[in-house]
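Peer 1: Input structure: structure_4.txt, which contains compact mmCIF, C-alpha atoms and all ligand atoms.
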# COMPACT_ATOMS: atom_id res chain seq x y z
CA MET A 1 -49.00 -29.29 -19.84
CA THR A 2 -50.62 -32.51 -18.62
CA ASP A 3 -49.15 -34.34 -15.62
CA ARG A 4 -48.10 -37.21 -17.88
CA ARG A 5 -46.15 -34.98 -20.28
CA THR A 6 -44.53 -33.21 -17.33
CA ARG A 7 -43.33 -36.55 -15.92
CA LEU A 8 -41.99 -37.59 -19.32
CA PHE A 9 -39.99 -34.38 -19.70
CA ARG A 10 -38.60 -34.67 -16.17
CA ALA A 11 -37.51 -38.23 -16.89
CA ALA A 12 -35.92 -37.14 -20.16
CA PHE A 13 -33.86 -34.41 -18.46
CA VAL A 14 -32.62 -36.93 -15.87
CA ALA A 15 -31.82 -39.50 -18.58
CA LEU A 16 -29.87 -36.94 -20.64
CA ASP A 17 -27.92 -36.03 -17.53
CA LEU A 18 -27.16 -39.53 -16.24
CA SER A 19 -26.29 -40.91 -19.68
CA GLY A 20 -23.82 -38.10 -20.27
CA ALA A 21 -25.67 -37.25 -23.50
CA ASN A 22 -25.54 -33.52 -22.71
CA ARG A 23 -21.74 -33.66 -22.67
CA LEU A 24 -21.44 -36.07 -25.60
CA LEU A 25 -23.75 -34.11 -27.87
CA VAL A 26 -22.75 -30.60 -26.94
CA SER A 27 -20.29 -30.09 -29.81
CA ARG A 28 -22.99 -30.95 -32.35
CA ALA A 29 -26.07 -29.74 -30.48
CA ARG A 30 -25.02 -26.39 -29.10
CA GLY A 31 -25.53 -23.39 -31.31
CA LEU A 32 -23.78 -20.03 -31.12
CA GLY A 33 -25.85 -19.22 -28.08
CA LEU A 34 -29.37 -18.94 -26.80
CA ILE A 35 -32.11 -16.60 -25.68
CA LEU A 36 -33.91 -17.73 -22.55
CA THR A 37 -37.64 -17.05 -22.07
CA LEU A 38 -38.97 -16.24 -18.62
CA HIS A 39 -42.21 -14.78 -17.32
CA HIS A 40 -42.47 -14.54 -13.52
CA VAL A 41 -39.47 -14.81 -11.21
CA ARG A 42 -40.73 -15.06 -7.60
CA PRO A 43 -40.99 -17.42 -4.64
CA PHE A 44 -43.75 -19.94 -5.37
CA ALA A 45 -46.87 -19.04 -3.38
CA GLY A 46 -49.42 -21.22 -5.16
CA GLY A 47 -51.07 -24.36 -3.93
CA GLU A 48 -51.68 -27.79 -5.37
CA PHE A 49 -53.75 -26.38 -8.23
CA ALA A 50 -51.26 -24.18 -10.07
CA PRO A 51 -51.78 -24.76 -13.80
CA ASN A 52 -49.78 -21.67 -14.76
CA ARG A 53 -46.78 -22.82 -12.74
CA LEU A 54 -44.78 -23.33 -15.93
CA LEU A 55 -44.72 -19.53 -16.27
CA GLU A 56 -42.84 -18.90 -13.03
CA VAL A 57 -39.44 -19.84 -11.67
CA GLU A 58 -38.01 -19.31 -8.21
CA PRO A 59 -35.27 -16.68 -7.83
CA ALA A 60 -32.85 -19.40 -6.67
CA PHE A 61 -33.41 -21.28 -9.93
CA LEU A 62 -32.55 -18.25 -12.05
CA ASP A 63 -29.44 -17.84 -9.92
CA LEU A 64 -28.52 -21.51 -10.43
CA THR A 65 -29.11 -21.23 -14.19
CA LEU A 66 -26.78 -18.27 -14.55
CA ALA A 67 -24.14 -19.84 -12.29
CA ARG A 68 -24.21 -23.07 -14.34
CA ALA A 69 -24.09 -21.12 -17.61
CA ARG A 70 -21.07 -19.16 -16.46
CA ARG A 71 -19.36 -22.37 -15.35
CA LEU A 72 -20.03 -24.00 -18.71
CA GLY A 73 -18.35 -21.09 -20.47
CA PHE A 74 -21.33 -18.95 -21.50
CA GLU A 75 -21.02 -15.22 -21.86
CA PHE A 76 -23.94 -12.97 -20.87
CA VAL A 77 -24.65 -10.45 -23.62
CA THR A 78 -27.19 -7.82 -24.69
CA LEU A 79 -29.75 -8.69 -27.33
CA ASP A 80 -27.97 -6.47 -29.86
CA GLU A 81 -24.71 -8.29 -29.20
CA ALA A 82 -26.41 -11.70 -29.45
CA TRP A 83 -27.92 -10.68 -32.78
CA ARG A 84 -24.57 -9.31 -34.00
CA ARG A 85 -22.96 -12.69 -33.32
CA VAL A 86 -25.73 -14.54 -35.16
CA ARG A 87 -25.28 -12.29 -38.21
CA GLN A 88 -21.54 -12.71 -38.01
CA GLY A 89 -22.00 -16.49 -37.75
CA ALA A 90 -19.45 -16.79 -34.97
CA SER A 91 -19.14 -16.45 -31.23
CA ALA A 92 -15.86 -17.16 -29.45
CA LYS A 93 -17.78 -18.33 -26.39
CA PRO A 94 -21.43 -19.44 -26.40
CA PHE A 95 -23.70 -16.51 -25.49
CA LEU A 96 -26.81 -16.23 -23.37
CA HIS A 97 -29.43 -13.49 -23.26
CA LEU A 98 -32.34 -13.33 -20.81
CA THR A 99 -35.82 -12.29 -21.93
CA TYR A 100 -38.92 -11.73 -19.82
CA ASP A 101 -42.35 -11.53 -21.40
CA ASP A 102 -45.31 -9.39 -20.26
CA GLY A 103 -43.57 -6.97 -17.84
CA TYR A 104 -44.22 -8.48 -14.41
CA ARG A 105 -43.18 -6.48 -11.37
CA ASP A 106 -41.53 -9.54 -9.83
CA VAL A 107 -38.90 -9.42 -12.58
CA ARG A 108 -37.75 -6.08 -11.20
CA ASP A 109 -37.99 -7.23 -7.59
CA PHE A 110 -36.47 -10.73 -7.84
CA ALA A 111 -34.70 -11.17 -11.18
CA LEU A 112 -32.92 -7.83 -11.48
CA PRO A 113 -30.77 -8.28 -8.33
CA ILE A 114 -29.67 -11.69 -9.67
CA MET A 115 -28.95 -10.22 -13.13
CA ARG A 116 -26.81 -7.54 -11.46
CA ARG A 117 -24.88 -10.12 -9.46
CA HIS A 118 -24.06 -12.06 -12.63
CA GLY A 119 -23.75 -9.07 -14.94
CA ALA A 120 -26.43 -10.62 -17.18
CA PRO A 121 -28.44 -8.26 -19.43
CA GLY A 122 -32.10 -8.93 -20.20
CA THR A 123 -34.93 -7.74 -22.41
CA LEU A 124 -38.43 -7.09 -21.07
CA TYR A 125 -41.11 -7.45 -23.74
CA ILE A 126 -43.93 -5.13 -22.71
CA ALA A 127 -47.60 -5.49 -23.68
CA SER A 128 -48.71 -1.87 -23.54
CA GLY A 129 -52.23 -2.82 -22.39
CA PHE A 130 -50.72 -4.51 -19.32
CA ALA A 131 -48.67 -1.40 -18.51
CA ASP A 132 -51.91 0.62 -18.92
CA GLY A 133 -53.51 -1.84 -16.47
CA ASN A 134 -56.47 -2.63 -18.69
CA ALA A 135 -55.66 -5.68 -20.85
CA GLY A 136 -57.05 -9.05 -19.80
CA MET A 137 -54.98 -12.03 -18.66
CA TRP A 138 -57.32 -14.81 -19.65
CA TRP A 139 -55.07 -17.67 -18.50
CA LEU A 140 -55.10 -16.29 -14.93
CA ALA A 141 -58.85 -15.59 -15.08
CA LEU A 142 -59.49 -19.21 -16.03
CA GLU A 143 -57.24 -20.47 -13.24
CA GLN A 144 -59.10 -18.32 -10.69
CA ALA A 145 -62.52 -19.38 -11.97
CA ILE A 146 -61.63 -23.06 -11.65
CA ALA A 147 -59.92 -22.51 -8.28
CA ARG A 148 -63.05 -20.90 -6.82
CA ALA A 149 -65.79 -23.05 -8.35
CA ASP A 150 -67.13 -26.47 -7.36
CA SER A 151 -68.48 -26.92 -10.85
CA LEU A 152 -68.61 -24.87 -14.03
CA THR A 153 -70.95 -24.97 -17.00
CA VAL A 154 -68.69 -24.23 -19.94
CA ARG A 155 -70.13 -23.18 -23.31
CA PHE A 156 -67.90 -24.78 -25.92
CA ALA A 157 -68.45 -24.17 -29.63
CA ASP A 158 -70.27 -27.51 -29.91
CA GLY A 159 -72.43 -27.14 -26.81
CA ALA A 160 -72.40 -26.58 -23.06
CA GLU A 161 -70.84 -29.03 -20.65
CA GLU A 162 -70.98 -29.18 -16.88
CA ILE A 163 -67.56 -29.89 -15.44
CA ARG A 164 -66.83 -30.77 -11.78
CA THR A 165 -64.17 -28.55 -10.22
CA ALA A 166 -64.44 -29.31 -6.48
CA SER A 167 -61.34 -31.37 -5.63
CA VAL A 168 -57.76 -30.61 -6.66
CA ALA A 169 -57.82 -33.61 -9.02
CA GLU A 170 -61.06 -32.34 -10.58
CA LYS A 171 -59.65 -28.84 -10.96
CA ARG A 172 -56.55 -30.17 -12.72
CA ALA A 173 -58.62 -32.33 -15.06
CA ALA A 174 -61.01 -29.43 -15.70
CA TRP A 175 -58.10 -27.14 -16.61
CA ASP A 176 -56.73 -29.62 -19.16
CA ARG A 177 -60.18 -30.03 -20.66
CA ILE A 178 -61.31 -26.39 -20.71
CA TYR A 179 -58.00 -24.66 -21.50
CA TRP A 180 -57.09 -26.63 -24.59
CA ARG A 181 -60.58 -26.83 -26.04
CA LEU A 182 -61.13 -23.09 -25.74
CA ARG A 183 -57.59 -22.24 -26.82
CA SER A 184 -57.85 -24.22 -30.02
CA GLY A 185 -60.85 -22.12 -31.16
CA PRO A 186 -61.17 -18.44 -32.09
CA GLU A 187 -59.60 -16.09 -29.55
CA GLU A 188 -62.64 -13.79 -29.13
CA ALA A 189 -64.84 -16.76 -28.24
CA MET A 190 -62.24 -18.09 -25.80
CA ARG A 191 -61.82 -14.75 -24.08
CA ALA A 192 -65.58 -14.10 -23.90
CA GLU A 193 -66.26 -17.50 -22.36
CA ILE A 194 -63.43 -17.22 -19.82
CA ASP A 195 -64.61 -13.72 -18.87
CA ARG A 196 -68.12 -15.10 -18.35
CA LEU A 197 -66.88 -18.02 -16.22
CA ALA A 198 -64.58 -15.80 -14.14
CA THR A 199 -67.19 -13.07 -13.61
CA GLY A 200 -69.61 -15.75 -12.46
CA GLN A 201 -67.13 -16.66 -9.71
CA GLY A 202 -66.63 -13.05 -8.65
CA VAL A 203 -63.15 -12.78 -10.14
CA ASP A 204 -62.00 -9.18 -10.66
CA LEU A 205 -60.82 -9.38 -14.26
CA GLY A 206 -59.14 -5.99 -14.19
CA ALA A 207 -57.03 -6.86 -11.15
CA PHE A 208 -54.49 -9.16 -12.79
CA SER A 209 -52.56 -6.72 -14.92
CA ARG A 210 -52.94 -3.96 -12.30
CA ASP A 211 -51.58 -6.19 -9.52
CA LEU A 212 -48.89 -8.04 -11.44
CA CYS A 213 -47.53 -5.79 -14.19
CA MET A 214 -45.35 -2.74 -13.96
CA ARG A 215 -46.99 0.53 -14.91
CA TRP A 216 -45.33 3.07 -17.18
CA ASP A 217 -43.68 5.06 -14.39
CA GLU A 218 -42.12 1.88 -12.99
CA LEU A 219 -40.98 0.82 -16.45
CA ALA A 220 -39.44 4.24 -17.07
CA GLU A 221 -37.35 3.86 -13.95
CA LEU A 222 -36.37 0.29 -14.74
CA ALA A 223 -35.43 1.16 -18.32
CA GLU A 224 -32.68 3.44 -16.95
CA ASP A 225 -30.81 0.33 -15.82
CA PRO A 226 -27.99 -0.47 -18.25
CA LEU A 227 -28.81 -4.20 -17.99
CA VAL A 228 -32.39 -3.68 -19.17
CA GLU A 229 -33.67 -3.45 -22.74
CA ILE A 230 -37.35 -2.76 -23.49
CA GLY A 231 -39.02 -4.65 -26.33
CA ALA A 232 -42.61 -4.70 -27.62
CA HIS A 233 -45.18 -7.46 -27.05
CA THR A 234 -48.43 -6.07 -28.60
CA VAL A 235 -51.19 -4.13 -26.80
CA THR A 236 -53.69 -6.76 -25.64
CA HIS A 237 -51.50 -9.88 -25.89
CA PRO A 238 -53.45 -11.73 -28.62
CA MET A 239 -52.45 -14.86 -30.48
CA LEU A 240 -51.76 -12.77 -33.58
CA ALA A 241 -52.12 -15.51 -36.21
CA LYS A 242 -55.76 -16.03 -35.16
CA HIS A 243 -56.71 -12.48 -36.16
CA PRO A 244 -57.12 -10.59 -39.45
CA GLU A 245 -53.94 -9.02 -40.77
CA ASP A 246 -54.99 -5.43 -40.00
CA VAL A 247 -55.63 -6.37 -36.35
CA ALA A 248 -52.24 -8.08 -36.07
CA TRP A 249 -50.53 -5.11 -37.71
CA ALA A 250 -52.21 -2.62 -35.37
CA GLU A 251 -51.39 -4.66 -32.25
CA MET A 252 -47.71 -4.79 -33.21
CA ALA A 253 -47.37 -1.18 -34.39
CA GLU A 254 -49.41 0.33 -31.58
CA SER A 255 -47.41 -1.32 -28.78
CA ARG A 256 -44.23 0.14 -30.24
CA ARG A 257 -45.87 3.55 -30.58
CA ALA A 258 -47.09 3.45 -26.95
CA ILE A 259 -43.60 2.56 -25.69
CA ARG A 260 -42.17 5.46 -27.69
CA GLU A 261 -44.79 7.83 -26.30
CA LYS A 262 -44.63 6.72 -22.66
CA LEU A 263 -40.94 5.86 -22.28
CA ALA A 264 -39.30 7.78 -25.14
CA ILE A 265 -37.74 4.46 -26.18
CA ASP A 266 -37.74 2.98 -29.66
CA ALA A 267 -38.47 -0.70 -29.06
CA ARG A 268 -36.50 -2.34 -31.85
CA HIS A 269 -37.18 -5.90 -30.71
CA PHE A 270 -40.49 -7.75 -30.55
CA ALA A 271 -41.86 -10.96 -28.98
CA TYR A 272 -44.99 -12.68 -30.31
CA PRO A 273 -47.49 -13.34 -27.49
CA VAL A 274 -47.78 -17.09 -26.82
CA GLY A 275 -45.28 -17.42 -29.65
CA ASN A 276 -46.00 -20.96 -30.89
CA PRO A 277 -47.14 -21.73 -34.47
CA ASP A 278 -50.83 -21.13 -33.55
CA ALA A 279 -49.92 -17.60 -32.54
CA ALA A 280 -47.06 -16.63 -34.84
CA GLY A 281 -46.49 -17.85 -38.39
CA PRO A 282 -45.06 -16.65 -41.70
CA ARG A 283 -47.57 -13.78 -41.94
CA GLU A 284 -46.53 -12.44 -38.52
CA PHE A 285 -42.83 -12.86 -39.32
CA ALA A 286 -43.37 -10.76 -42.46
CA LEU A 287 -45.36 -8.12 -40.53
CA ALA A 288 -42.58 -7.76 -37.94
CA ALA A 289 -40.08 -7.26 -40.76
CA GLU A 290 -42.34 -4.70 -42.50
CA LEU A 291 -42.72 -2.86 -39.21
CA ASP A 292 -38.95 -2.67 -39.12
CA PHE A 293 -38.36 -4.63 -35.94
CA GLU A 294 -34.71 -5.68 -35.90
CA THR A 295 -35.50 -9.01 -34.30
CA ALA A 296 -38.64 -10.83 -33.23
CA VAL A 297 -38.68 -13.90 -31.01
CA THR A 298 -41.07 -16.85 -30.90
CA THR A 299 -41.38 -19.53 -28.25
CA MET A 300 -40.28 -22.20 -30.70
CA PRO A 301 -37.52 -24.02 -28.84
CA GLY A 302 -33.93 -24.01 -29.98
CA HIS A 303 -30.48 -22.47 -29.86
CA LEU A 304 -29.43 -19.75 -32.28
CA THR A 305 -27.18 -20.68 -35.19
CA ALA A 306 -25.74 -18.78 -38.15
CA ALA A 307 -28.73 -19.98 -40.19
CA HIS A 308 -31.02 -17.73 -38.14
CA ALA A 309 -29.37 -14.65 -39.63
CA ALA A 310 -31.71 -15.13 -42.61
CA ASN A 311 -34.81 -15.02 -40.38
CA PRO A 312 -34.42 -12.16 -37.91
CA THR A 313 -38.16 -12.05 -37.14
CA ALA A 314 -38.59 -15.77 -36.43
CA LEU A 315 -35.98 -16.49 -33.77
CA PRO A 316 -36.27 -19.46 -31.40
CA ARG A 317 -35.90 -19.23 -27.65
CA VAL A 318 -35.39 -21.67 -24.80
CA SER A 319 -37.99 -21.56 -22.04
CA LEU A 320 -36.99 -21.73 -18.39
CA ASN A 321 -40.05 -23.69 -17.36
CA GLY A 322 -41.28 -23.63 -13.77
CA LEU A 323 -42.08 -27.34 -13.94
CA PHE A 324 -38.44 -28.27 -14.53
CA GLN A 325 -36.37 -26.32 -12.04
CA THR A 326 -33.43 -28.70 -11.73
CA ARG A 327 -29.72 -28.62 -12.50
CA ALA A 328 -30.24 -31.51 -14.94
CA ALA A 329 -32.80 -29.46 -16.89
CA VAL A 330 -30.49 -26.42 -17.02
CA ASP A 331 -27.55 -28.49 -18.28
CA ALA A 332 -29.73 -30.10 -20.95
CA LEU A 333 -31.13 -26.78 -22.18
CA LEU A 334 -27.68 -25.18 -22.27
CA SER A 335 -26.18 -28.15 -24.14
CA GLY A 336 -28.86 -28.02 -26.84
CA ALA A 337 -29.22 -31.81 -26.61
CA PRO A 338 -33.06 -31.86 -26.26
CA PHE A 339 -33.51 -29.73 -29.41
CA PHE A 340 -30.87 -31.67 -31.33
CA LEU A 341 -32.52 -34.99 -30.44
CA THR A 342 -36.03 -33.72 -31.26
CA ASP A 343 -34.79 -32.52 -34.66
CA ALA A 344 -33.01 -35.81 -35.31
CA ALA A 345 -36.17 -37.76 -34.42
CA ARG A 346 -38.21 -35.56 -36.77
CA ARG A 347 -35.73 -36.14 -39.61
CA LEU A 348 -35.87 -39.87 -39.01
CA ARG A 349 -39.69 -39.87 -39.07
CA ASN A 350 -39.71 -37.84 -42.28
CA ALA A 351 -37.20 -40.17 -43.91
CA ALA A 352 -39.15 -43.30 -42.92
ZN ZN B 1 -46.61 -12.80 -23.17
Taking this structure as input, can you express it in the form of structure tokens?
Peer 2:
Amino acid sequence: MTDRRTRLFRAAFVALDLSGANRLLVSRARGLGLILTLHHVRPFAGGEFAPNRLLEVEPAFLDLTLARARRLGFEFVTLDEAWRRVRQGASAKPFLHLTYDDGYRDVRDFALPIMRRHGAPGTLYIASGFADGNAGMWWLALEQAIARADSLTVRFADGAEEIRTASVAEKRAAWDRIYWRLRSGPEEAMRAEIDRLATGQGVDLGAFSRDLCMRWDELAELAEDPLVEIGAHTVTHPMLAKHPEDVAWAEMAESRRAIREKLAIDARHFAYPVGNPDAAGPREFALAAELDFETAVTTMPGHLTAAHAANPTALPRVSLNGLFQTRAAVDALLSGAPFFLTDAARRLRNAA
């Protein structure tokens, strides 16, 4: 997210709060409940160049979120119970379910104690290649390459470009330029180029998943916890929609098979890596249904309503974003007001 967009969102959360819009709109904007998306939960240890900051929240912020949710009348439920209420089309109190993508060890160390304190269940979506310790985390590799370099020669599809990466401002600008241009192209080309850039800076590409993600023995222990559900999240964490159907199928099926083999758990729920429309579309929703996943979640923002019962493999979630760790942001997300207003604006544009 660019600095400008981040500032706009922050201002919007404050405006919704101060104007009372969250409270005014809640009866129309809030659905039956919501599924929150998290990645890392840990004390922030990064510096001024932290482009993946959106993927991590501080433990205190998770605690605040759950405390606010409880105060606003939310009930913390399992994913099966959340899904039951969606199918039923009713929920006496609004519900909330926590989900954590990728299987980071900090979820066990920092989030689980908070979940226990609040009695809040959560689902961990595991990429089996991360648990094996051998799948790449290209977004971290790119961050490290830019952090270490004073300049990088990046080979884009339409030619090479030398980009200055010495100062913090240059690193931030370089990230915005490199990340989005590579990400909008084919995934193999993006991964190959980021691997090349990172290797050139001496980055140990294998270290990320080994250092950050729980291995199978750790997951087996964690899965014993009654608050924890294990879901599938592919093998190598690809943007599925960018790949041929057989590749997408294999990634989805194989991660479930690996979880069954290693943990003796049938992962009945799935999360699409990245999860936006570039990564998960109608073909992926159909594949998840064919593979018999009971639910599959995207990162498309929104609360759950009775209408979602018709689309169990295309469910929206609400991201707890590390760039917006404020009470105003929590209240807005729980009220549903931002999603309601975005939808209303889209309807207006379409009608014009
Ligand atoms: Zn993921």
Peer 1: For a quick check of understanding, using all atoms listed in the file, which of A:Phe13, A:Tyr125, A:Trp175, A:Trp249 has the smallest distance to A:Ala289?
Peer 2: A:Trp249
Peer 1: Please, which residues have at least one atom within 12 Å of an atom of ligand ZN 1 (chain B), using all atoms listed in the file, listed as a PyMOL selection string?
Peer 2: chain A and resi 37-40+55+99-104+124-130+135-139+209+213+231-240+270-276+279+297-299
Peer 1: Restricted to C-alpha atoms, what would the selected residues look like written as a PDB file, in the coordinates of the input?
Peer 2:
ATOM      1  CA  THR A  37     -37.640 -17.050 -22.070  1.00  0.00           C
ATOM      2  CA  LEU A  38     -38.970 -16.240 -18.620  1.00  0.00           C
ATOM      3  CA  HIS A  39     -42.210 -14.780 -17.320  1.00  0.00           C
ATOM      4  CA  HIS A  40     -42.470 -14.540 -13.520  1.00  0.00           C
ATOM      5  CA  LEU A  55     -44.720 -19.530 -16.270  1.00  0.00           C
ATOM      6  CA  THR A  99     -35.820 -12.290 -21.930  1.00  0.00           C
ATOM      7  CA  TYR A 100     -38.920 -11.730 -19.820  1.00  0.00           C
ATOM      8  CA  ASP A 101     -42.350 -11.530 -21.400  1.00  0.00           C
ATOM      9  CA  ASP A 102     -45.310  -9.390 -20.260  1.00  0.00           C
ATOM     10  CA  GLY A 103     -43.570  -6.970 -17.840  1.00  0.00           C
ATOM     11  CA  TYR A 104     -44.220  -8.480 -14.410  1.00  0.00           C
ATOM     12  CA  LEU A 124     -38.430  -7.090 -21.070  1.00  0.00           C
ATOM     13  CA  TYR A 125     -41.110  -7.450 -23.740  1.00  0.00           C
ATOM     14  CA  ILE A 126     -43.930  -5.130 -22.710  1.00  0.00           C
ATOM     15  CA  ALA A 127     -47.600  -5.490 -23.680  1.00  0.00           C
ATOM     16  CA  SER A 128     -48.710  -1.870 -23.540  1.00  0.00           C
ATOM     17  CA  GLY A 129     -52.230  -2.820 -22.390  1.00  0.00           C
ATOM     18  CA  PHE A 130     -50.720  -4.510 -19.320  1.00  0.00           C
ATOM     19  CA  ALA A 135     -55.660  -5.680 -20.850  1.00  0.00           C
ATOM     20  CA  GLY A 136     -57.050  -9.050 -19.800  1.00  0.00           C
ATOM     21  CA  MET A 137     -54.980 -12.030 -18.660  1.00  0.00           C
ATOM     22  CA  TRP A 138     -57.320 -14.810 -19.650  1.00  0.00           C
ATOM     23  CA  TRP A 139     -55.070 -17.670 -18.500  1.00  0.00           C
ATOM     24  CA  SER A 209     -52.560  -6.720 -14.920  1.00  0.00           C
ATOM     25  CA  CYS A 213     -47.530  -5.790 -14.190  1.00  0.00           C
ATOM     26  CA  GLY A 231     -39.020  -4.650 -26.330  1.00  0.00           C
ATOM     27  CA  ALA A 232     -42.610  -4.700 -27.620  1.00  0.00           C
ATOM     28  CA  HIS A 233     -45.180  -7.460 -27.050  1.00  0.00           C
ATOM     29  CA  THR A 234     -48.430  -6.070 -28.600  1.00  0.00           C
ATOM     30  CA  VAL A 235     -51.190  -4.130 -26.800  1.00  0.00           C
ATOM     31  CA  THR A 236     -53.690  -6.760 -25.640  1.00  0.00           C
ATOM     32  CA  HIS A 237     -51.500  -9.880 -25.890  1.00  0.00           C
ATOM     33  CA  PRO A 238     -53.450 -11.730 -28.620  1.00  0.00           C
ATOM     34  CA  MET A 239     -52.450 -14.860 -30.480  1.00  0.00           C
ATOM     35  CA  LEU A 240     -51.760 -12.770 -33.580  1.00  0.00           C
ATOM     36  CA  PHE A 270     -40.490  -7.750 -30.550  1.00  0.00           C
ATOM     37  CA  ALA A 271     -41.860 -10.960 -28.980  1.00  0.00           C
ATOM     38  CA  TYR A 272     -44.990 -12.680 -30.310  1.00  0.00           C
ATOM     39  CA  PRO A 273     -47.490 -13.340 -27.490  1.00  0.00           C
ATOM     40  CA  VAL A 274     -47.780 -17.090 -26.820  1.00  0.00           C
ATOM     41  CA  GLY A 275     -45.280 -17.420 -29.650  1.00  0.00           C
ATOM     42  CA  ASN A 276     -46.000 -20.960 -30.890  1.00  0.00           C
ATOM     43  CA  ALA A 279     -49.920 -17.600 -32.540  1.00  0.00           C
ATOM     44  CA  VAL A 297     -38.680 -13.900 -31.010  1.00  0.00           C
ATOM     45  CA  THR A 298     -41.070 -16.850 -30.900  1.00  0.00           C
ATOM     46  CA  THR A 299     -41.380 -19.530 -28.250  1.00  0.00           C
TER      47      THR A 299
END
Peer 1: Using atom CA of A:Thr65 and atom CA of A:Val330 as the two end points, give the distance in Å to one decimal.
Peer 2: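 For atom CA of A:Thr65 relative to atom CA of A:Val330, the distance reads 6.1 Å.
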Peer 1: Between A:Ala11, A:Leu18, A:Val168, A:Leu152, which one has atoms that come closest to A:Gly200, using all atoms listed in the file?
Peer 2: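 Among the listed residues, the smallest separation from A:Gly200 belongs to A:Leu152.
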Peer 1: Quick one: everything within 7 Å of A:Ile163, counting all atoms listed in the file, minus sequence neighbours fewer than 2 positions away in the same chain. Send it as a PyMOL selection string.
Peer 2: chain A and resi 151-153+161+165+174
Peer 1: Which polymer residues, whether protein, DNA or RNA, lie within 9 Å of the coordinate (-52.5, -17.6, -14.6) when you count only C-alpha atoms? List them as an MDAnalysis selection string, using the chain letters and numbers from the file.
Peer 2: chainID A and resid 50:53 55 137:144 208
Peer 1: Using only C-alpha atoms, find all polymer residues with an atom at most 12 Å away from the point (-41.3, -3.3, -40.1); report them as a PDB file with C-alpha atoms, in the coordinates of the input.
Peer 2:
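Full text of point_9.pdb as output:
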ATOM      1  CA  TRP A 249     -50.530  -5.110 -37.710  1.00  0.00           C
ATOM      2  CA  ALA A 250     -52.210  -2.620 -35.370  1.00  0.00           C
ATOM      3  CA  MET A 252     -47.710  -4.790 -33.210  1.00  0.00           C
ATOM      4  CA  ALA A 253     -47.370  -1.180 -34.390  1.00  0.00           C
ATOM      5  CA  ARG A 256     -44.230   0.140 -30.240  1.00  0.00           C
ATOM      6  CA  ALA A 267     -38.470  -0.700 -29.060  1.00  0.00           C
ATOM      7  CA  ARG A 268     -36.500  -2.340 -31.850  1.00  0.00           C
ATOM      8  CA  HIS A 269     -37.180  -5.900 -30.710  1.00  0.00           C
ATOM      9  CA  PHE A 270     -40.490  -7.750 -30.550  1.00  0.00           C
ATOM     10  CA  GLU A 284     -46.530 -12.440 -38.520  1.00  0.00           C
ATOM     11  CA  PHE A 285     -42.830 -12.860 -39.320  1.00  0.00           C
ATOM     12  CA  ALA A 286     -43.370 -10.760 -42.460  1.00  0.00           C
ATOM     13  CA  LEU A 287     -45.360  -8.120 -40.530  1.00  0.00           C
ATOM     14  CA  ALA A 288     -42.580  -7.760 -37.940  1.00  0.00           C
ATOM     15  CA  ALA A 289     -40.080  -7.260 -40.760  1.00  0.00           C
ATOM     16  CA  GLU A 290     -42.340  -4.700 -42.500  1.00  0.00           C
ATOM     17  CA  LEU A 291     -42.720  -2.860 -39.210  1.00  0.00           C
ATOM     18  CA  ASP A 292     -38.950  -2.670 -39.120  1.00  0.00           C
ATOM     19  CA  PHE A 293     -38.360  -4.630 -35.940  1.00  0.00           C
ATOM     20  CA  GLU A 294     -34.710  -5.680 -35.900  1.00  0.00           C
ATOM     21  CA  THR A 295     -35.500  -9.010 -34.300  1.00  0.00           C
ATOM     22  CA  ALA A 296     -38.640 -10.830 -33.230  1.00  0.00           C
ATOM     23  CA  PRO A 312     -34.420 -12.160 -37.910  1.00  0.00           C
ATOM     24  CA  THR A 313     -38.160 -12.050 -37.140  1.00  0.00           C
TER      25      THR A 313
END
Peer 1: What is the distance between atom CA of A:Leu197 and atom CA of A:Ile146, in Å to one decimal?
Peer 2: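 Value for the atom CA of A:Leu197-atom CA of A:Ile146 distance: 8.6 Å.
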Peer 1: May I ask for the distance between atom CA of A:Arg148 and atom CA of A:Leu212, given in Å to one decimal place?
Peer 2: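 Going from atom CA of A:Arg148 over to atom CA of A:Leu212 covers 19.7 Å.
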